[in-house]
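Asks: Dropping a structure here in structure tokens format, bear with me for questions.
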Amino acid sequence: MTDAVPNSYRTQPDERGHFGDFGGRYVAETLMPNILALEQAYDEARKDPAFTDQFEDLLEHYVGRPSPLYFAERLTEALGGAQVWFKRDELNHTGAHKINNCIGQILLAIRMGKTRIIAETGAGQHGVATATVCARFGLPCVVYMGAEDVRRQSPNVFRMKLLGAEIVPVTSGRGTLKDAMNEALRDWVANVDDTFYIIGTAAGPHPYPAMVRDFQSVIGTEARAQMHKRVGRLPDLLVACIGGGSNALGLFHPFLDDADVKMLGVEAAGLGLDGDQHAASLTGGAPGILHGNKTFLLQDEDGQITEGHSISAGLDYPGIGPEHAWLKDIGRVEYTAVTDDEALEAFQLLCRTEGIIPALEPSHAIAAVAKRAKEMDKDAIILANLCGRGDKDIFTVAEKLGVEI
Amino acid sequence: MNNTNRIARAFAKPHPALVCFVTAGDGDTAANLDALVEGGADVIELGMPFTDPMADGPAIQAANIRALKAGTTTADVLTIANEFRERHPDVPLVLMGYANPMVRRGPEWFAQEAAGAGVDGVICVDIPPEEDSALGPALREQGIAPIRLATPTTDDFRLPTVIEGSEGFLYYVSVAGITGKQSAAQDSIDAAVKRLKAATDLPVAVGFGVRTPEQAGAIAKVADGVVVGSALVDLVAEHGADAPAHLRDLTARLAKAVHSAERAAA
């Protein structure tokens with residue numbers, strides 16, 4: 001993966017899947033041969049024009065790409081600072097950025113001759129996207145979902161069932177995303193021959209973090225070209241929310257070598273960073289090893305994984321993609337966190353100023369945008385990724401606002 | 001005494017070795033460990049509890065949760081090991097667990113503390129040879145054997161990578177799956193052990209899915225050791241404070257089957 005550009009931030013990981021000190025392949029021996037075969041298959045696929053042609057064709061005609069680049073005029077006025085632009089990935093088929101990655105991975109699964117798909121899901125967006133591509137390509141799909149999340153996200157559970165997926169509620173641990181990932185890994189270990197595991201974020205053992213980033217980089221690649229075309233220059237600041245970090249990397253990665261473009265990743269501060277009721281692995285965690293990679297984790301002094309909290313089920317994960325850990329380490333990307341309340345306020349602000357109901361995940365990014373825009377000049381440009389729409393969240397929001405629907 | 005010698009001597013006995021696993025902090029661990037030794041276990045595997053035991057089935061997952069709920073810390077695990085070493089100076093003791101609790105304070109810290117507690121070997125489920133540098137060098141520096149796992153998916157091409165840097169014994173995971181669920185066909189175990197023994201001089205112990213004296217005895221005909229875990233952990237779950245008597249009984253029956261197995265001609 002080395003190339004000729006000196007001092008490039010875009011050449012990670014190394015051949016062992018390491019992003020600086022982070023990343024790697026920390027999996028049980030049973031999975032190692034599979035992980036190595038996946039790496040080789042992905043390496044061949046990405047260099048094969050037939051594979052990339054099919055990927056791009058599906059993104060255009062099935063997902064609906066390119067997604068629009070939108071100037072949020074009334075939000076900009078309301079904030080009274082920098083221009084705010086959105087990359088509208090919430091307009092994708094299935095309503096979030098997750099589908100970009102699922103298209104890439106299912107094409108790879110088919111190419112590898114795998115006949116069964118498994119996935120983990122938290123809020124259900126990745127589960128829905130996986131169930132969608134499985135229906136599209138006629139492959140059986142098993143989705144592991146924490147029992148608590150099954151309860152919190154019943155509309156998405158029904159969507160997945162309509163699409164033909166089998167949902168397995170996971171009761172181990174606290175029954176949330178990390179437990180679903182444990183259970184998916186257990187399934188995979190027991191079914192290595194025929195099963196492909198579609199991981200939903202830029203985390204897990206190599207090559208997943210790099211592969212998911214590459215599939216999601218369509219977001220940033222489009223945005224870069226659209227910015228040039230619309231305003232003739234690149235934005236001053238990119239903003240995206242981070243759970244595992246795939247939508248943020250998808251936006252950031254194509255801009256990493258543009259020295260004048262600053263970047264801000266926004267984690268979920270939940271009830272606040274003071275206590276343990278947050279999901280901010282980078283701003284409130286420490287390096288460790290979980291789910292196949294070394295990265296920042298929410299954990300206690302003995303290395304036991306602690307469970308975070310966020311109003312957004314999609315950000316409620318105690319780890320983060322290893323490339324973010326590296327980007328934080330070298331200082332290329334700045335990371336911050338916003339609370340449940342701030343996200344809820346930003347959610348309502350966008351509804352009323354732009355007529356867009358955002359998911360609670362990008363509402364965190366919007367909250368950070370609101371703070372930064374006010375501190376920046378009026379001719380400055382902020383580009384934020386609107387990575388998902390909020391239909392799935394209206395029940396959570398109603399409950400928080402004390403409204404019965 | 002040199003640590004690797006304790007493991008080597010257990011496998012140099014005139015009979016195959018019985019390796020018994022329980023989770024640290026699950027029930028009265030000291031009494032449970034004593035019962036395993038009294039029953040005839042040749043090597044003790046002590047599980048380090050972890051919140052996310054990805055390679056374990058329901059029995060050992062539940063044991064991990066019980067141990068953590070009881071407040072078991074890394075310091076407690078080391079104390080259990082240290083006190084075991086004082087009571088049983090000759091019985092090899094191996095820690096088995098996951099990477100994060102082992103590297104949390106740095107691999108050197110963990111290796112030093114484990115060596116000080118009389119630990120002879122460490123099995124880390126989620127550190128494959130490719131990531132050996134995360135823990136292996138620190139263990140070797142302290143004379144602790146890094147014990148690696150080979151599985152049905154470890155093909156001939158990959159096997160040398162797994163063996164390189166392995167010490168103590170080679171742990172053959174007989175099923176492609178998680179602990180305690182399904183069992184492998186005896187034929188496949190015979191063939192796999194033969195393949196592994198042709199590739200290494202290390203003793204080969206077989207585990208995952210071994211629950212009964214009959215299974216253990218059949219495996220002992222071809223392997224140098226047999227590992228039993230979930231069946232013992234189930235007894236701890238079922239009997240709580242009364243577990244030691246039950247552990248002693250099952251271990252004695254397993255030991256009888258393993259120790260009396262007629263070894264197949266090499």
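Labels used: A, B, ... for chains in the order of the structure tokens, numbers from 1 for residues in each chain, and numbers from 1 for ligands as shown.
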Got a sec: who's within 7 Å of region 180-183 of chain A, counting only C-alpha atoms, leaving out chain neighbours fewer than 2 positions off, as a list of chain:residue names?
Replies: A:Glu120, A:Thr121, A:Tyr144, A:Met145, A:Gly146, A:Val170, A:Thr176, A:Leu177, A:Lys178, A:Leu185, A:Arg186, A:Asp187, B:Asp52, B:Met54
Asks: Tell me the residues of chain B close to chain A, meaning within 6 Å using only C-alpha atoms, as a PyMOL selection string.
Replies: chain B and resi 51+54+100-101+104+125-128+151+153+176-177
Asks: Quick one: write out the picked residues with N, CA and C atoms as a PDB file, in the first residue's frame?
Replies:
ATOM      1  N   THR B  51     -14.904  -9.490  30.006  1.00  0.00           N
ATOM      2  CA  THR B  51     -16.278  -9.092  29.670  1.00  0.00           C
ATOM      3  C   THR B  51     -16.738  -9.614  28.308  1.00  0.00           C
ATOM      4  N   MET B  54     -15.046 -13.823  23.278  1.00  0.00           N
ATOM      5  CA  MET B  54     -15.584 -14.069  21.939  1.00  0.00           C
ATOM      6  C   MET B  54     -15.462 -15.508  21.453  1.00  0.00           C
ATOM      7  N   ASN B 100      -6.917  -8.151  26.039  1.00  0.00           N
ATOM      8  CA  ASN B 100      -6.997  -6.828  26.658  1.00  0.00           C
ATOM      9  C   ASN B 100      -6.631  -6.799  28.142  1.00  0.00           C
ATOM     10  N   PRO B 101      -7.179  -7.737  28.968  1.00  0.00           N
ATOM     11  CA  PRO B 101      -6.757  -7.717  30.373  1.00  0.00           C
ATOM     12  C   PRO B 101      -5.259  -8.006  30.540  1.00  0.00           C
ATOM     13  N   ARG B 104      -3.306  -4.580  29.437  1.00  0.00           N
ATOM     14  CA  ARG B 104      -3.830  -3.296  29.912  1.00  0.00           C
ATOM     15  C   ARG B 104      -2.766  -2.432  30.580  1.00  0.00           C
ATOM     16  N   VAL B 125      -6.140 -16.135  23.641  1.00  0.00           N
ATOM     17  CA  VAL B 125      -7.002 -16.572  22.546  1.00  0.00           C
ATOM     18  C   VAL B 125      -6.886 -15.667  21.325  1.00  0.00           C
ATOM     19  N   ASP B 126      -6.832 -14.357  21.561  1.00  0.00           N
ATOM     20  CA  ASP B 126      -6.915 -13.442  20.416  1.00  0.00           C
ATOM     21  C   ASP B 126      -5.598 -12.737  20.090  1.00  0.00           C
ATOM     22  N   ILE B 127      -4.481 -13.399  20.390  1.00  0.00           N
ATOM     23  CA  ILE B 127      -3.208 -12.921  19.850  1.00  0.00           C
ATOM     24  C   ILE B 127      -2.630 -14.034  18.974  1.00  0.00           C
ATOM     25  N   PRO B 128      -2.880 -13.963  17.657  1.00  0.00           N
ATOM     26  CA  PRO B 128      -2.320 -14.959  16.746  1.00  0.00           C
ATOM     27  C   PRO B 128      -0.825 -14.680  16.529  1.00  0.00           C
ATOM     28  N   THR B 151      -5.851 -25.069  14.923  1.00  0.00           N
ATOM     29  CA  THR B 151      -7.270 -25.388  14.738  1.00  0.00           C
ATOM     30  C   THR B 151      -7.452 -26.191  13.456  1.00  0.00           C
ATOM     31  N   THR B 153      -8.702 -25.217  10.923  1.00  0.00           N
ATOM     32  CA  THR B 153      -8.489 -24.337   9.768  1.00  0.00           C
ATOM     33  C   THR B 153      -7.011 -23.981   9.573  1.00  0.00           C
ATOM     34  N   ALA B 176     -13.865 -26.360  14.693  1.00  0.00           N
ATOM     35  CA  ALA B 176     -13.907 -24.979  14.235  1.00  0.00           C
ATOM     36  C   ALA B 176     -15.159 -24.387  14.858  1.00  0.00           C
ATOM     37  N   GLY B 177     -15.007 -23.798  16.029  1.00  0.00           N
ATOM     38  CA  GLY B 177     -16.177 -23.275  16.726  1.00  0.00           C
ATOM     39  C   GLY B 177     -15.765 -22.749  18.083  1.00  0.00           C
TER      40      GLY B 177
END
Asks: Pick out the residues sitting within 9 Å of Val91 (chain B), and hand them over as a list in words; count only C-alpha atoms, and ignore anything fewer than 4 positions along from it in its own chain.
Replies: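 In the requested format, the answer is Arg6, Ile7, Ala10, Val37, Ala41, Asp42, Val43, Ile44, Phe84 and Arg85 of chain B.
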Asks: Residues as selected, N, CA and C atoms, written as a PDB file, in the first residue's frame, can you do that?
Replies:
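Produced file part-v6.pdb, reproduced below:
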ATOM      1  N   ARG B   6       8.378 -27.392  34.377  1.00  0.00           N
ATOM      2  CA  ARG B   6       7.191 -27.931  35.038  1.00  0.00           C
ATOM      3  C   ARG B   6       6.202 -28.477  34.005  1.00  0.00           C
ATOM      4  N   ILE B   7       5.993 -27.721  32.934  1.00  0.00           N
ATOM      5  CA  ILE B   7       5.105 -28.199  31.864  1.00  0.00           C
ATOM      6  C   ILE B   7       5.725 -29.421  31.183  1.00  0.00           C
ATOM      7  N   ALA B  10       5.331 -32.536  33.174  1.00  0.00           N
ATOM      8  CA  ALA B  10       3.967 -33.078  33.185  1.00  0.00           C
ATOM      9  C   ALA B  10       3.715 -33.921  31.937  1.00  0.00           C
ATOM     10  N   VAL B  37      -6.496 -30.973  41.299  1.00  0.00           N
ATOM     11  CA  VAL B  37      -5.200 -31.635  41.547  1.00  0.00           C
ATOM     12  C   VAL B  37      -5.422 -32.972  42.258  1.00  0.00           C
ATOM     13  N   ALA B  41      -5.508 -34.130  37.945  1.00  0.00           N
ATOM     14  CA  ALA B  41      -5.139 -33.256  36.825  1.00  0.00           C
ATOM     15  C   ALA B  41      -3.623 -33.098  36.778  1.00  0.00           C
ATOM     16  N   ASP B  42      -3.060 -33.142  35.580  1.00  0.00           N
ATOM     17  CA  ASP B  42      -1.608 -32.998  35.427  1.00  0.00           C
ATOM     18  C   ASP B  42      -1.196 -31.556  35.155  1.00  0.00           C
ATOM     19  N   VAL B  43      -2.091 -30.794  34.509  1.00  0.00           N
ATOM     20  CA  VAL B  43      -1.840 -29.382  34.211  1.00  0.00           C
ATOM     21  C   VAL B  43      -3.118 -28.617  34.544  1.00  0.00           C
ATOM     22  N   ILE B  44      -2.951 -27.443  35.160  1.00  0.00           N
ATOM     23  CA  ILE B  44      -4.110 -26.607  35.479  1.00  0.00           C
ATOM     24  C   ILE B  44      -4.142 -25.408  34.545  1.00  0.00           C
ATOM     25  N   PHE B  84      -1.908 -20.841  44.732  1.00  0.00           N
ATOM     26  CA  PHE B  84      -1.884 -22.194  44.169  1.00  0.00           C
ATOM     27  C   PHE B  84      -0.441 -22.687  44.105  1.00  0.00           C
ATOM     28  N   ARG B  85       0.437 -21.822  43.650  1.00  0.00           N
ATOM     29  CA  ARG B  85       1.848 -22.200  43.499  1.00  0.00           C
ATOM     30  C   ARG B  85       2.446 -22.595  44.856  1.00  0.00           C
TER      31      ARG B  85
END
Asks: State, in Å with one decimal place, the distance from CA of Tyr70 (chain A) to CA of Leu91 (chain A).
Replies: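 We find that CA of Tyr70 (chain A) and CA of Leu91 (chain A) lie 11.6 Å from each other.
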Asks: Considering only C-alpha atoms, state which residue in the set A:Ala45, A:Leu383, A:Leu75, A:Val143 is at the smallest distance from Cys351 (chain A).
Replies: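 Closest candidate: A:Leu75.
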Asks: For the alpha helix (DSSP H) assignment from backbone DSSP, which residues of region 182-377 of chain A qualify? Please present them as a VMD selection string.
Replies: chain A and resid 182 to 190 208 to 216 218 to 231 246 to 252 281 to 284 322 to 330 340 to 354 360 to 375
Asks: Give me, please, the distance in Å between CA of Pro66 (chain A) and CA of Ala373 (chain A), quoted to one decimal.
Replies: 26.0 Å
